[in-house]
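Q: One file: final35.cif (mmCIF, C-alpha atoms).
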data_protein
#
loop_
_atom_site.group_PDB
_atom_site.id
_atom_site.type_symbol
_atom_site.label_atom_id
_atom_site.label_comp_id
_atom_site.auth_asym_id
_atom_site.auth_seq_id
_atom_site.Cartn_x
_atom_site.Cartn_y
_atom_site.Cartn_z
ATOM 1 C CA MET A 1 0.000 0.000 0.000
ATOM 2 C CA PRO A 2 1.232 3.499 -0.716
ATOM 3 C CA ASP A 3 1.890 5.847 2.142
ATOM 4 C CA ILE A 4 2.481 9.547 2.552
ATOM 5 C CA ALA A 5 6.074 10.507 3.382
ATOM 6 C CA ASP A 6 6.642 12.820 6.347
ATOM 7 C CA GLY A 7 5.894 16.407 5.341
ATOM 8 C CA GLU A 8 4.115 15.463 2.114
ATOM 9 C CA SER A 9 0.495 15.601 1.039
ATOM 10 C CA VAL A 10 -1.655 13.711 -1.456
ATOM 11 C CA GLU A 11 -4.937 14.662 -3.101
ATOM 12 C CA MET A 12 -7.774 12.147 -3.297
ATOM 13 C CA GLN A 13 -11.044 12.736 -5.082
ATOM 14 C CA GLY A 14 -14.057 12.387 -2.831
ATOM 15 C CA SER A 15 -17.730 12.958 -3.492
ATOM 16 C CA GLY A 16 -17.341 16.736 -3.753
ATOM 17 C CA ARG A 17 -16.067 18.918 -6.567
ATOM 18 C CA LEU A 18 -12.648 19.520 -5.013
ATOM 19 C CA PRO A 19 -10.303 16.697 -3.971
ATOM 20 C CA TYR A 20 -9.483 16.122 -0.296
ATOM 21 C CA VAL A 21 -5.933 16.759 0.887
ATOM 22 C CA LEU A 22 -4.325 14.021 2.992
ATOM 23 C CA LYS A 23 -1.157 14.954 4.915
ATOM 24 C CA ASN A 24 1.485 13.356 7.114
ATOM 25 C CA ILE A 25 3.218 15.797 9.446
ATOM 26 C CA GLY A 26 5.560 14.078 11.891
ATOM 27 C CA GLY A 27 3.570 10.835 11.787
ATOM 28 C CA VAL A 28 0.252 12.613 12.422
ATOM 29 C CA TYR A 29 -2.037 12.024 9.465
ATOM 30 C CA SER A 30 -4.848 14.370 8.486
ATOM 31 C CA CYS A 31 -7.516 14.750 5.816
ATOM 32 C CA SER A 32 -9.485 17.818 4.794
ATOM 33 C CA CYS A 33 -12.788 15.880 4.674
ATOM 34 C CA PRO A 34 -15.622 16.716 7.100
ATOM 35 C CA ALA A 35 -15.568 13.207 8.610
ATOM 36 C CA TRP A 36 -11.954 13.675 9.739
ATOM 37 C CA ARG A 37 -12.519 17.212 11.058
ATOM 38 C CA ASN A 38 -15.654 16.367 13.073
ATOM 39 C CA GLN A 39 -14.239 13.567 15.240
ATOM 40 C CA SER A 40 -14.067 13.957 19.002
ATOM 41 C CA VAL A 41 -10.790 12.110 19.624
ATOM 42 C CA GLY A 42 -7.196 13.298 19.787
ATOM 43 C CA ILE A 43 -5.694 14.393 16.474
ATOM 44 C CA GLU A 44 -3.208 11.498 16.520
ATOM 45 C CA ARG A 45 -6.119 8.991 16.639
ATOM 46 C CA MET A 46 -8.297 10.558 13.946
ATOM 47 C CA THR A 47 -8.846 8.722 10.677
ATOM 48 C CA CYS A 48 -11.318 8.596 7.813
ATOM 49 C CA LYS A 49 -12.243 6.415 4.860
ATOM 50 C CA HIS A 50 -9.805 8.317 2.636
ATOM 51 C CA LEU A 51 -6.823 7.568 4.885
ATOM 52 C CA ARG A 52 -7.947 3.940 5.241
ATOM 53 C CA LYS A 53 -8.274 3.650 1.465
ATOM 54 C CA LEU A 54 -4.821 5.148 0.832
ATOM 55 C CA ARG A 55 -2.856 3.470 3.629
ATOM 56 C CA GLY A 56 -4.889 0.304 4.036
ATOM 57 C CA GLU A 57 -7.212 -0.766 6.830
ATOM 58 C CA GLU A 58 -4.518 -2.708 8.706
ATOM 59 C CA ALA A 59 -2.004 0.175 8.674
ATOM 60 C CA GLU A 60 -4.629 2.579 10.014
ATOM 61 C CA GLN A 61 -5.706 0.145 12.730
ATOM 62 C CA LEU A 62 -2.097 -0.211 13.852
ATOM 63 C CA ARG A 63 -1.605 3.562 13.801
ATOM 64 C CA ILE A 64 -4.671 4.477 15.851
ATOM 65 C CA GLY A 65 -4.580 1.436 18.112
ATOM 66 C CA SER A 66 -8.084 0.071 17.566
ATOM 67 C CA ALA A 67 -10.348 -1.187 14.841
ATOM 68 C CA LEU A 68 -12.990 1.192 13.567
ATOM 69 C CA PRO A 69 -16.252 0.062 12.035
ATOM 70 C CA ALA A 70 -16.336 0.580 8.285
ATOM 71 C CA ASP A 71 -19.856 1.988 8.547
ATOM 72 C CA PRO A 72 -21.284 4.114 11.402
ATOM 73 C CA LYS A 73 -24.506 2.074 11.142
ATOM 74 C CA GLU A 74 -22.519 -1.001 12.254
ATOM 75 C CA ALA A 75 -21.447 0.769 15.438
ATOM 76 C CA SER A 76 -25.071 1.709 16.192
ATOM 77 C CA ALA A 77 -26.208 -1.851 15.584
ATOM 78 C CA ASP A 78 -23.474 -3.235 17.862
ATOM 79 C CA ALA A 79 -24.403 -0.757 20.605
ATOM 80 C CA ALA A 80 -28.052 -1.789 20.365
ATOM 81 C CA LYS A 81 -27.088 -5.474 20.839
ATOM 82 C CA ASP A 82 -25.036 -4.883 23.992
ATOM 83 C CA PRO A 83 -27.203 -4.161 27.047
ATOM 84 C CA PRO A 84 -25.822 -1.495 29.420
#
So, in terms of structure tokens, how does the structure I just supplied come out?
A:
Amino acid sequence: MPDIADGESVEMQGSGRLPYVLKNIGGVYSCSCPAWRNQSVGIERMTCKHLRKLRGEEAEQLRIGSALPADPKEASADAAKDPP
């Protein structure tokens, strides 16, 4: 899988008119998409489908330290199954 070298950025076309910009600054990856910006975790643990597509699911899981559901609906369904 390709990766982004430290200090570099890559453009990836999303659903909008303009491509998203994915960056690696000192091992902290970022994306200009709304899904990446609107997360409520530390910046070093943020990811999105664009980063997972570029770097690969396994590389992103290793980087952030946990597996993320591919679809937010899956997380809701899992939460509904587990009683409090």
Q: Around range 15-23 of chain A, fit a box with edges along x, y and z, padding it by 5 Å on each side, then list its centre and edge lengths in Å to one decimal as JSON.
A:
{"center_x": -9.4, "center_y": 16.2, "center_z": -0.8, "size_x": 26.6, "size_y": 16.6, "size_z": 21.5}
Q: Run the PyMOL selection byres ((chain A and resi 46) around 12) mentally over the shown coordinates, then write out the matched residues as a PyMOL selection string, using the chain letters and numbers from the document.
A: chain A and resi 28-45+47-52+60-61+63-68
Q: Based on the selection just made, write C-alpha atoms of those residues as a short mmCIF file (atom, residue, chain, number, x, y, z; two decimals), in the coordinates of the input.
A:
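As a result, out_3.cif now contains:
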data_model
loop_
_atom_site.label_atom_id
_atom_site.label_comp_id
_atom_site.auth_asym_id
_atom_site.auth_seq_id
_atom_site.Cartn_x
_atom_site.Cartn_y
_atom_site.Cartn_z
CA VAL A 28 0.25 12.61 12.42
CA TYR A 29 -2.04 12.02 9.46
CA SER A 30 -4.85 14.37 8.49
CA CYS A 31 -7.52 14.75 5.82
CA SER A 32 -9.48 17.82 4.79
CA CYS A 33 -12.79 15.88 4.67
CA PRO A 34 -15.62 16.72 7.10
CA ALA A 35 -15.57 13.21 8.61
CA TRP A 36 -11.95 13.68 9.74
CA ARG A 37 -12.52 17.21 11.06
CA ASN A 38 -15.65 16.37 13.07
CA GLN A 39 -14.24 13.57 15.24
CA SER A 40 -14.07 13.96 19.00
CA VAL A 41 -10.79 12.11 19.62
CA GLY A 42 -7.20 13.30 19.79
CA ILE A 43 -5.69 14.39 16.47
CA GLU A 44 -3.21 11.50 16.52
CA ARG A 45 -6.12 8.99 16.64
CA THR A 47 -8.85 8.72 10.68
CA CYS A 48 -11.32 8.60 7.81
CA LYS A 49 -12.24 6.42 4.86
CA HIS A 50 -9.80 8.32 2.64
CA LEU A 51 -6.82 7.57 4.88
CA ARG A 52 -7.95 3.94 5.24
CA GLU A 60 -4.63 2.58 10.01
CA GLN A 61 -5.71 0.14 12.73
CA ARG A 63 -1.60 3.56 13.80
CA ILE A 64 -4.67 4.48 15.85
CA GLY A 65 -4.58 1.44 18.11
CA SER A 66 -8.08 0.07 17.57
CA ALA A 67 -10.35 -1.19 14.84
CA LEU A 68 -12.99 1.19 13.57
#
Q: Exactly which residues make up the result of the PyMOL selection byres ((chain A and resi 6) around 7) on this file, given as a compact mmCIF listing (two decimals) with C-alpha atoms, keeping the file's coordinate frame?
A:
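Here's the written file part02.txt:
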# COMPACT_ATOMS: atom_id res chain seq x y z
CA ILE A 4 2.48 9.55 2.55
CA ALA A 5 6.07 10.51 3.38
CA GLY A 7 5.89 16.41 5.34
CA GLU A 8 4.12 15.46 2.11
CA ASN A 24 1.48 13.36 7.11
CA ILE A 25 3.22 15.80 9.45
CA GLY A 26 5.56 14.08 11.89
CA GLY A 27 3.57 10.84 11.79
Q: What does the distance between CA of Ser15 in chain A and CA of Leu62 in chain A come to in Å, to one decimal place?
A: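 So the answer is 26.8 Å.
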Q: Could you please give me, as a list of chain:residue names, the residues of protein, DNA or RNA lying at most 9 Å from (0.4, 3.4, 0.2) in the coordinate frame of the file, considering all atoms listed in the file?
A: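 Those residues, ordered by chain and then number, are A:Met1, A:Pro2, A:Asp3, A:Ile4, A:Lys53, A:Leu54, A:Arg55, A:Gly56.
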Q: Would you write out, as a list in words, every residue that the PyMOL selection byres ((chain A and resi 19) around 12) captures in this file?
A: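 This file, filtered by the PyMOL selection byres ((chain A and resi 19) around 12), leaves Ser9, Val10, Glu11, Met12, Gln13, Gly14, Ser15, Gly16, Arg17, Leu18, Tyr20, Val21, Leu22, Cys31, Ser32, Cys33 and His50 of chain A.
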